[in-house]
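J.: Please read through the structure below; I'll follow up with questions.
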Amino acid sequence: MATATATSAAAEPPKLIKKASEVKTPTTATQTSFGCKHIKDFLTHARDKATEEYTRLIRSIRQEGNVSGSIYKSGSTPQVSPETTYMCIQCSAVTKARERHRKDHPFAVESREGFIFCHDCKDFVYDPTFEEIRSGNNKKRKHAALSADDKRLVSANSTVISCSAVGLRGLYNMGQTCFMSVILQALIHNPFIRTFYLSEGHRKEDCEREACTSCALDDIFSDFFGQEKHEGYGAVHMLQGCWKEGGSLAGYSQQDAHEFLGFILNSLHTAITDEEEGKSSRHCPCVIHQSFGGLLKSTVTCSGCKNTSTALDPFMDLSLDIRSTPVTKKKKLSLINATATSKEHLPMDLTECLDRFTSTETLSAEAGSYNCRHCSSPQEVKKKFSLSRIPPIIPIHLKRFSHSKSLKESSKIETKIRFPTSLDLSPYTTSSAARSKPPAPENDTLVNNTDRNADSDDAPDPAPPPPPPPPVYELSSVVVHKGKIDNGHYVSYARQGEDWFRFDDSMVVQVEEREVLRAEAYMLFYVVGEIAGVMA
């Protein structure tokens, strides 16, 4: 894989070193000296004692009539289990489940076949030293006895993945490419996208597209989660694919991270489905639309004839306005007996931005923005948005960049936005908007009364179905723009388990959650906490 450093911002575009079809399979199988780094530390410091104890356990397992491996303690009372137990290799403890009884005893031997379970790796591990003891010299098949064809087969279908390969790597800045890096980090640490690529949802070996962005993303996932590396990664293939497909992205000028998100999602959709973005995107089965595709319902009501029209529009992210008008504050300067005036941007809550986005807006008839087909003339209308279908992933874009046509200039809005780690979107859904409407007046005509009496029954009405769980979303990533509109820099935060990490180009640092919540967010990525709450 070609890598690039921060000083490699040359005038010519990045070049592919070799295509996926040109990658040759090595002819020799990969061998490792240790099953994992924890076994390596164990054998390095106490090899003789470890092998002696493991040998004793293997003999005990294979000794006919020996039930010592089936006896475990439940409280203070010994119990015998017919199921598999786990014997500590460092003491005499036996547990019924894969539970760690001591923090400094990370290895257990299962009582059926003698395989070793590493509590730090949370998996069974294969180690040549212990395997030779377990299988015995007469049963072990030496690797040197493999034929050339067998060696190629083993090499092509086996990988060594470290338990430390968890995707925590930075991306080299290849010439003002921080806008690309922060969006890629948000995708890398998104559980839906990560699962798709790690389960070979897109195989570059089967792809015939040239400079494919999906193949490039597959390379990133393979490298981040398949190898124990901590240095930065040069996303040269991804940059070349972006330059080839997105004309405005070609070159080394700074781009907008929000615009790049829209580009890369459309590009990945095209690469995965081999179809251009079109009318079928609303029902597209690809992982991009299934993860990011939502429906926004707009309702327009004419003030003249009260006619209401609705429309459903697909969306991949929500762009929210933030307060741009500063508030003037006066401060008394006691030393010189004067008053200083300053302008400040008051902080806002994210829920306030969502309230404004889904609130009813009045459009005047003078503006001529709506021509009622029933009234056949421009009318004042009321317009309202609601979330009809909520996707599993919701990127929220905060409009920090303001562009004035009259002044012909752009500026950055510095308003602080307070955002939560858990976000309940139920108040902004279409079903919530319908429930908030006042009930329609009943029509007490004879016909309606007769219908109601005819349908009545002595049996009680069935209980209404329970309401669906609220669509609660968890914060996954935060994109931050630092500096001014014309010379800024992007950094991002992403959550890994319960921990937060800051990604600043190739540098990755673990941070406290309070630093994330204090950040001047430009984009927020929320992931659904419960799948049942996705549909609103």
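Identifiers in this document derive from the order of the structure tokens: chains are assigned A, B, ..., residues are numbered from 1 separately in each chain, and ligands are numbered from 1 in order of occurrence.
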Quick one: residues within 12 Å of range 355-362 of chain A, only C-alpha atoms, excluding same-chain residues fewer than 5 positions away - as a VMD selection string?
T.: chain A and resid 296 to 303 318 to 323 348 to 350 367 369 to 370 379 to 388 396 398 425 to 430 432 to 433
J.: Using backbone DSSP assignments, extract all helix (DSSP H, G or I) residues from range 229-371 of chain A; output them as a ChimeraX atom specification.
T.: /A:236-245,247-249,257-273,279-283,287-292,350-358
J.: For a test of reading the model, state the distance in Å between CA of Val516 in chain A and CA of Arg502 in chain A, rounded to one decimal.
T.: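 Those two atoms sit 8.4 Å apart.
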J.: My list of candidates is A:Arg169, A:Arg59, A:Lys204, A:His45. Which is closest to Ser181 in chain A when distances are computed with only C-alpha atoms?
T.: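 Among A:Arg169, A:Arg59, A:Lys204, A:His45, it is A:Arg169 that comes nearest to Ser181 in chain A.
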J.: Calculated over only C-alpha atoms, which of the candidates A:Cys118, A:Val94, A:Leu268, A:Met507 has the smallest distance to Tyr172 in chain A?
T.: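 The shortest atom-to-atom distance to Tyr172 in chain A comes from A:Met507.
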J.: Check the smallest atom-to-atom distance from each of A:Lys343, A:His403, A:His269, A:Lys37 to Pro106 in chain A using only C-alpha atoms, then report the winner.
T.: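 Smallest distance to Pro106 in chain A is found for A:Lys37.
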J.: Would you compute the distance between CA of Met238 in chain A and CA of Met180 in chain A? Give it in Å to one decimal.
T.: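 Computing the Euclidean distance for CA of Met238 in chain A and CA of Met180 in chain A yields 9.3 Å.
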J.: Mind checking which residues fall within 12 Å of Arg373 in chain A, counting only C-alpha atoms, ignoring those fewer than 2 positions away in the same chain, and posting them as a PyMOL selection string?
T.: chain A and resi 301-302+304-309+370-371+375-379
J.: Just all heavy atoms for this one: save the residues we selected as an mmCIF file, in the first residue's frame.
T.:
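Result file is out-v4.cif:
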```
data_model
loop_
_atom_site.group_PDB
_atom_site.id
_atom_site.type_symbol
_atom_site.label_atom_id
_atom_site.label_comp_id
_atom_site.auth_asym_id
_atom_site.auth_seq_id
_atom_site.Cartn_x
_atom_site.Cartn_y
_atom_site.Cartn_z
ATOM 1 N N THR A 301 -50.220 24.090 3.856
ATOM 2 C CA THR A 301 -51.647 24.380 4.026
ATOM 3 C C THR A 301 -51.944 25.795 3.544
ATOM 4 O O THR A 301 -51.313 26.760 3.990
ATOM 5 C CB THR A 301 -52.068 24.255 5.499
ATOM 6 O OG1 THR A 301 -51.737 22.947 5.974
ATOM 7 C CG2 THR A 301 -53.553 24.494 5.669
ATOM 8 N N CYS A 302 -52.893 25.900 2.617
ATOM 9 C CA CYS A 302 -53.286 27.201 2.064
ATOM 10 C C CYS A 302 -54.171 27.937 3.078
ATOM 11 O O CYS A 302 -55.140 27.365 3.608
ATOM 12 C CB CYS A 302 -54.025 27.016 0.752
ATOM 13 S SG CYS A 302 -54.663 28.552 0.039
ATOM 14 N N GLY A 304 -56.135 30.349 2.381
ATOM 15 C CA GLY A 304 -57.401 30.743 1.763
ATOM 16 C C GLY A 304 -58.412 29.622 1.765
ATOM 17 O O GLY A 304 -59.493 29.731 2.358
ATOM 18 N N CYS A 305 -58.094 28.501 1.106
ATOM 19 C CA CYS A 305 -59.058 27.410 0.971
ATOM 20 C C CYS A 305 -58.811 26.271 1.955
ATOM 21 O O CYS A 305 -59.550 25.286 1.957
ATOM 22 C CB CYS A 305 -59.029 26.873 -0.457
ATOM 23 S SG CYS A 305 -57.447 26.140 -0.922
ATOM 24 N N LYS A 306 -57.775 26.374 2.764
ATOM 25 C CA LYS A 306 -57.422 25.367 3.772
ATOM 26 C C LYS A 306 -57.028 24.029 3.151
ATOM 27 O O LYS A 306 -56.966 23.009 3.840
ATOM 28 C CB LYS A 306 -58.573 25.142 4.764
ATOM 29 C CG LYS A 306 -59.088 26.407 5.436
ATOM 30 C CD LYS A 306 -57.985 27.112 6.188
ATOM 31 C CE LYS A 306 -58.494 28.378 6.873
ATOM 32 N NZ LYS A 306 -57.412 29.122 7.554
ATOM 33 N N ASN A 307 -56.751 24.030 1.863
ATOM 34 C CA ASN A 307 -56.309 22.793 1.228
ATOM 35 C C ASN A 307 -54.889 22.460 1.710
ATOM 36 O O ASN A 307 -54.032 23.336 1.832
ATOM 37 C CB ASN A 307 -56.322 22.945 -0.294
ATOM 38 C CG ASN A 307 -55.805 21.701 -0.988
ATOM 39 O OD1 ASN A 307 -56.393 20.628 -0.906
ATOM 40 N ND2 ASN A 307 -54.664 21.847 -1.673
ATOM 41 N N THR A 308 -54.669 21.177 1.951
ATOM 42 C CA THR A 308 -53.366 20.717 2.436
ATOM 43 C C THR A 308 -52.759 19.740 1.437
ATOM 44 O O THR A 308 -53.431 18.797 0.995
ATOM 45 C CB THR A 308 -53.501 20.031 3.808
ATOM 46 O OG1 THR A 308 -54.017 20.968 4.751
ATOM 47 C CG2 THR A 308 -52.152 19.518 4.289
ATOM 48 N N SER A 309 -51.529 19.979 1.089
ATOM 49 C CA SER A 309 -50.791 19.066 0.207
ATOM 50 C C SER A 309 -49.540 18.597 0.925
ATOM 51 O O SER A 309 -48.924 19.326 1.699
ATOM 52 C CB SER A 309 -50.416 19.761 -1.106
ATOM 53 O OG SER A 309 -49.593 20.892 -0.860
ATOM 54 N N TYR A 370 -45.705 30.397 -3.417
ATOM 55 C CA TYR A 370 -46.651 29.281 -3.528
ATOM 56 C C TYR A 370 -47.893 29.750 -4.251
ATOM 57 O O TYR A 370 -48.521 30.731 -3.866
ATOM 58 C CB TYR A 370 -47.020 28.746 -2.135
ATOM 59 C CG TYR A 370 -47.938 27.550 -2.178
ATOM 60 C CD1 TYR A 370 -47.432 26.280 -2.419
ATOM 61 C CD2 TYR A 370 -49.318 27.687 -1.971
ATOM 62 C CE1 TYR A 370 -48.265 25.181 -2.448
ATOM 63 C CE2 TYR A 370 -50.153 26.589 -2.002
ATOM 64 C CZ TYR A 370 -49.623 25.332 -2.236
ATOM 65 O OH TYR A 370 -50.455 24.242 -2.276
ATOM 66 N N ASN A 371 -48.246 29.022 -5.293
ATOM 67 C CA ASN A 371 -49.426 29.341 -6.079
ATOM 68 C C ASN A 371 -50.444 28.215 -5.881
ATOM 69 O O ASN A 371 -50.255 27.110 -6.372
ATOM 70 C CB ASN A 371 -49.064 29.485 -7.560
ATOM 71 C CG ASN A 371 -50.209 30.060 -8.378
ATOM 72 O OD1 ASN A 371 -51.129 30.673 -7.837
ATOM 73 N ND2 ASN A 371 -50.165 29.850 -9.683
ATOM 74 N N CYS A 375 -57.100 27.822 -5.457
ATOM 75 C CA CYS A 375 -57.451 29.244 -5.501
ATOM 76 C C CYS A 375 -57.013 29.907 -6.803
ATOM 77 O O CYS A 375 -57.458 31.024 -7.112
ATOM 78 C CB CYS A 375 -56.817 29.981 -4.329
ATOM 79 S SG CYS A 375 -57.327 29.360 -2.704
ATOM 80 N N SER A 376 -56.141 29.238 -7.547
ATOM 81 C CA SER A 376 -55.622 29.762 -8.823
ATOM 82 C C SER A 376 -54.968 31.127 -8.646
ATOM 83 O O SER A 376 -55.066 31.997 -9.516
ATOM 84 C CB SER A 376 -56.742 29.842 -9.870
ATOM 85 O OG SER A 376 -57.292 28.554 -10.110
ATOM 86 N N SER A 377 -54.312 31.328 -7.516
ATOM 87 C CA SER A 377 -53.629 32.593 -7.267
ATOM 88 C C SER A 377 -52.637 32.390 -6.124
ATOM 89 O O SER A 377 -52.761 31.452 -5.327
ATOM 90 C CB SER A 377 -54.643 33.692 -6.897
ATOM 91 O OG SER A 377 -55.312 33.352 -5.688
ATOM 92 N N PRO A 378 -51.661 33.292 -6.025
ATOM 93 C CA PRO A 378 -50.724 33.202 -4.899
ATOM 94 C C PRO A 378 -51.454 33.406 -3.575
ATOM 95 O O PRO A 378 -52.281 34.301 -3.443
ATOM 96 C CB PRO A 378 -49.727 34.327 -5.178
ATOM 97 C CG PRO A 378 -49.847 34.601 -6.640
ATOM 98 C CD PRO A 378 -51.280 34.350 -6.989
ATOM 99 N N GLN A 379 -51.135 32.562 -2.607
ATOM 100 C CA GLN A 379 -51.785 32.620 -1.311
ATOM 101 C C GLN A 379 -50.735 32.497 -0.195
ATOM 102 O O GLN A 379 -49.661 31.955 -0.400
ATOM 103 C CB GLN A 379 -52.812 31.481 -1.155
ATOM 104 C CG GLN A 379 -53.991 31.555 -2.100
ATOM 105 C CD GLN A 379 -54.933 32.689 -1.755
ATOM 106 O OE1 GLN A 379 -55.065 33.077 -0.595
ATOM 107 N NE2 GLN A 379 -55.602 33.235 -2.773
#
```
J.: In Å, how far is it from CA of Gly201 in chain A to CA of Ser214 in chain A?
T.: 10.1 Å
J.: Measuring atom to atom with only C-alpha atoms, identify which of A:Val480, A:Leu153, A:Glu520, A:Lys329 is nearest to Thr415 in chain A.
T.: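 Selected residue with least distance to Thr415 in chain A: A:Glu520.
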J.: Based on DSSP run over this structure's backbone, return all residues of range 192-337 of chain A in strand (DSSP E or B), as a CSV table (one decimal) with all heavy atoms, in the first residue's frame.
T.:
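What follows is the written file part29.csv:
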```
chain,number,residue,atom,x,y,z
A,233,TYR,N,-2.2,6.3,8.0
A,233,TYR,CA,-2.5,5.6,6.7
A,233,TYR,C,-2.6,6.6,5.6
A,233,TYR,O,-3.3,7.6,5.8
A,233,TYR,CB,-3.8,4.8,6.9
A,233,TYR,CG,-4.2,4.0,5.7
A,233,TYR,CD1,-3.8,2.7,5.5
A,233,TYR,CD2,-5.1,4.6,4.8
A,233,TYR,CE1,-4.2,2.0,4.4
A,233,TYR,CE2,-5.5,3.9,3.7
A,233,TYR,CZ,-5.1,2.6,3.5
A,233,TYR,OH,-5.5,1.9,2.4
A,294,GLY,N,-33.4,8.4,4.7
A,294,GLY,CA,-34.7,8.7,5.4
A,294,GLY,C,-35.6,9.4,4.5
A,294,GLY,O,-35.3,9.8,3.4
A,295,LEU,N,-36.9,9.7,5.0
A,295,LEU,CA,-37.9,10.4,4.3
A,295,LEU,C,-38.4,11.6,5.1
A,295,LEU,O,-38.7,11.5,6.3
A,295,LEU,CB,-39.1,9.5,4.0
A,295,LEU,CG,-38.9,8.4,2.9
A,295,LEU,CD1,-40.1,7.5,2.8
A,295,LEU,CD2,-38.5,9.0,1.6
A,296,LEU,N,-38.4,12.8,4.5
A,296,LEU,CA,-38.8,14.0,5.1
A,296,LEU,C,-40.2,14.4,4.5
A,296,LEU,O,-40.3,14.5,3.3
A,296,LEU,CB,-37.8,15.1,4.8
A,296,LEU,CG,-38.0,16.4,5.6
A,296,LEU,CD1,-37.8,16.2,7.1
A,296,LEU,CD2,-37.0,17.5,5.0
A,297,LYS,N,-41.1,14.6,5.4
A,297,LYS,CA,-42.5,14.9,5.0
A,297,LYS,C,-42.7,16.4,5.1
A,297,LYS,O,-42.5,17.0,6.1
A,297,LYS,CB,-43.5,14.2,5.8
A,297,LYS,CG,-45.0,14.5,5.4
A,297,LYS,CD,-46.0,13.7,6.2
A,297,LYS,CE,-47.4,14.0,5.8
A,297,LYS,NZ,-48.4,13.2,6.6
A,298,SER,N,-43.1,17.1,4.0
A,298,SER,CA,-43.4,18.5,4.0
A,298,SER,C,-45.0,18.7,3.8
A,298,SER,O,-45.6,18.0,2.9
A,298,SER,CB,-42.7,19.2,2.9
A,298,SER,OG,-43.1,18.8,1.6
A,299,THR,N,-45.6,19.5,4.7
A,299,THR,CA,-47.0,19.7,4.7
A,299,THR,C,-47.2,21.2,4.4
A,299,THR,O,-46.7,22.0,5.2
A,299,THR,CB,-47.7,19.3,6.0
A,299,THR,OG1,-47.4,17.9,6.2
A,299,THR,CG2,-49.2,19.5,5.9
A,300,VAL,N,-48.0,21.5,3.4
A,300,VAL,CA,-48.3,22.9,3.0
A,300,VAL,C,-49.8,23.1,3.1
A,300,VAL,O,-50.6,22.4,2.4
A,300,VAL,CB,-47.8,23.2,1.6
A,300,VAL,CG1,-48.1,24.7,1.2
A,300,VAL,CG2,-46.2,23.0,1.5
A,301,THR,N,-50.2,24.1,3.9
A,301,THR,CA,-51.6,24.4,4.0
A,301,THR,C,-51.9,25.8,3.5
A,301,THR,O,-51.3,26.8,4.0
A,301,THR,CB,-52.1,24.3,5.5
A,301,THR,OG1,-51.7,22.9,6.0
A,301,THR,CG2,-53.6,24.5,5.7
A,302,CYS,N,-52.9,25.9,2.6
A,302,CYS,CA,-53.3,27.2,2.1
A,302,CYS,C,-54.2,27.9,3.1
A,302,CYS,O,-55.1,27.4,3.6
A,302,CYS,CB,-54.0,27.0,0.8
A,302,CYS,SG,-54.7,28.6,0.0
A,308,THR,N,-54.7,21.2,2.0
A,308,THR,CA,-53.4,20.7,2.4
A,308,THR,C,-52.8,19.7,1.4
A,308,THR,O,-53.4,18.8,1.0
A,308,THR,CB,-53.5,20.0,3.8
A,308,THR,OG1,-54.0,21.0,4.8
A,308,THR,CG2,-52.2,19.5,4.3
A,309,SER,N,-51.5,20.0,1.1
A,309,SER,CA,-50.8,19.1,0.2
A,309,SER,C,-49.5,18.6,0.9
A,309,SER,O,-48.9,19.3,1.7
A,309,SER,CB,-50.4,19.8,-1.1
A,309,SER,OG,-49.6,20.9,-0.9
A,310,THR,N,-49.2,17.3,0.7
A,310,THR,CA,-48.0,16.7,1.3
A,310,THR,C,-47.1,16.2,0.3
A,310,THR,O,-47.5,15.8,-0.8
A,310,THR,CB,-48.4,15.6,2.3
A,310,THR,OG1,-49.1,14.6,1.6
A,310,THR,CG2,-49.3,16.2,3.4
A,311,ALA,N,-45.8,16.1,0.7
A,311,ALA,CA,-44.8,15.5,-0.2
A,311,ALA,C,-43.8,14.8,0.6
A,311,ALA,O,-43.5,15.2,1.7
A,311,ALA,CB,-44.2,16.5,-1.1
A,312,LEU,N,-43.2,13.7,0.1
A,312,LEU,CA,-42.2,12.9,0.8
A,312,LEU,C,-40.9,13.0,0.0
A,312,LEU,O,-40.9,12.7,-1.2
A,312,LEU,CB,-42.6,11.4,1.0
A,312,LEU,CG,-43.7,11.1,1.9
A,312,LEU,CD1,-44.0,9.6,1.9
A,312,LEU,CD2,-43.3,11.6,3.4
A,313,ASP,N,-39.9,13.5,0.6
A,313,ASP,CA,-38.6,13.7,-0.1
A,313,ASP,C,-37.5,12.9,0.7
A,313,ASP,O,-37.4,13.0,1.9
A,313,ASP,CB,-38.2,15.2,-0.1
A,313,ASP,CG,-39.2,16.0,-0.9
A,313,ASP,OD1,-39.5,15.7,-2.0
A,313,ASP,OD2,-39.7,17.0,-0.3
A,314,PRO,N,-36.7,12.2,-0.1
A,314,PRO,CA,-35.6,11.4,0.6
A,314,PRO,C,-34.5,12.4,1.1
A,314,PRO,O,-34.3,13.5,0.5
A,314,PRO,CB,-35.1,10.5,-0.5
A,314,PRO,CG,-35.4,11.2,-1.8
A,314,PRO,CD,-36.7,12.0,-1.5
A,315,PHE,N,-33.8,12.0,2.2
A,315,PHE,CA,-32.7,12.8,2.7
A,315,PHE,C,-31.7,11.8,3.2
A,315,PHE,O,-31.9,10.7,3.6
A,315,PHE,CB,-33.2,13.7,3.8
A,315,PHE,CG,-33.5,13.1,5.1
A,315,PHE,CD1,-32.6,12.9,6.1
A,315,PHE,CD2,-34.8,12.7,5.3
A,315,PHE,CE1,-32.9,12.3,7.3
A,315,PHE,CE2,-35.2,12.1,6.5
A,315,PHE,CZ,-34.2,11.9,7.5
A,318,LEU,N,-29.5,15.9,7.8
A,318,LEU,CA,-30.3,17.0,8.1
A,318,LEU,C,-29.4,18.2,8.3
A,318,LEU,O,-28.4,18.2,9.0
A,318,LEU,CB,-31.1,16.8,9.4
A,318,LEU,CG,-32.1,15.7,9.4
A,318,LEU,CD1,-32.7,15.5,10.8
A,318,LEU,CD2,-33.2,15.9,8.4
A,319,SER,N,-29.7,19.3,7.5
A,319,SER,CA,-29.0,20.6,7.6
A,319,SER,C,-29.8,21.6,8.5
A,319,SER,O,-30.9,21.9,8.1
A,319,SER,CB,-28.7,21.2,6.3
A,319,SER,OG,-27.8,20.4,5.6
A,320,LEU,N,-29.3,22.0,9.6
A,320,LEU,CA,-30.0,22.8,10.5
A,320,LEU,C,-29.4,24.2,10.6
A,320,LEU,O,-28.2,24.4,10.7
A,320,LEU,CB,-30.0,22.2,11.9
A,320,LEU,CG,-30.5,20.8,12.0
A,320,LEU,CD1,-30.5,20.3,13.5
A,320,LEU,CD2,-31.9,20.6,11.5
A,327,VAL,N,-25.8,39.0,20.1
A,327,VAL,CA,-26.4,39.8,21.1
A,327,VAL,C,-25.5,40.8,21.6
A,327,VAL,O,-24.3,40.5,22.0
A,327,VAL,CB,-27.0,38.9,22.2
A,327,VAL,CG1,-27.6,39.7,23.3
A,327,VAL,CG2,-28.0,37.9,21.6
A,328,THR,N,-25.9,42.1,21.7
A,328,THR,CA,-25.1,43.2,22.2
A,328,THR,C,-25.1,43.2,23.7
A,328,THR,O,-26.2,43.2,24.3
A,328,THR,CB,-25.5,44.5,21.7
A,328,THR,OG1,-25.5,44.5,20.2
A,328,THR,CG2,-24.6,45.6,22.2
A,329,LYS,N,-23.9,43.2,24.3
A,329,LYS,CA,-23.8,43.2,25.8
A,329,LYS,C,-22.9,44.4,26.2
A,329,LYS,O,-22.0,44.7,25.5
A,329,LYS,CB,-23.2,41.9,26.3
A,329,LYS,CG,-24.1,40.7,26.3
A,329,LYS,CD,-23.6,39.6,27.0
A,329,LYS,CE,-24.6,38.4,27.1
A,329,LYS,NZ,-24.1,37.3,28.0
A,330,LYS,N,-23.3,45.0,27.3
A,330,LYS,CA,-22.6,46.2,27.8
A,330,LYS,C,-21.9,45.8,29.1
A,330,LYS,O,-22.4,45.1,30.0
A,330,LYS,CB,-23.5,47.4,28.1
A,330,LYS,CG,-24.2,47.9,26.8
A,330,LYS,CD,-25.0,49.1,27.2
A,330,LYS,CE,-25.6,49.7,25.9
A,330,LYS,NZ,-26.5,50.9,26.2
A,331,LYS,N,-20.6,46.2,29.2
A,331,LYS,CA,-19.8,45.9,30.4
A,331,LYS,C,-19.2,47.2,30.9
A,331,LYS,O,-18.6,48.0,30.2
A,331,LYS,CB,-18.7,44.9,30.0
A,331,LYS,CG,-17.9,44.5,31.2
A,331,LYS,CD,-16.8,43.5,30.7
A,331,LYS,CE,-16.0,43.0,31.9
A,331,LYS,NZ,-14.9,42.1,31.5
A,332,LYS,N,-19.4,47.4,32.2
A,332,LYS,CA,-19.0,48.6,32.8
A,332,LYS,C,-17.5,48.5,33.2
A,332,LYS,O,-17.1,47.5,33.9
A,332,LYS,CB,-19.8,48.9,34.1
A,332,LYS,CG,-19.5,50.3,34.7
A,332,LYS,CD,-20.5,50.6,35.9
A,332,LYS,CE,-20.2,52.0,36.4
A,332,LYS,NZ,-21.1,52.3,37.6
A,333,LEU,N,-16.7,49.5,32.8
A,333,LEU,CA,-15.3,49.5,33.1
A,333,LEU,C,-15.1,50.5,34.3
A,333,LEU,O,-15.1,51.7,34.1
A,333,LEU,CB,-14.5,50.0,31.9
A,333,LEU,CG,-14.7,49.1,30.7
A,333,LEU,CD1,-13.9,49.7,29.5
A,333,LEU,CD2,-14.3,47.7,30.9
```
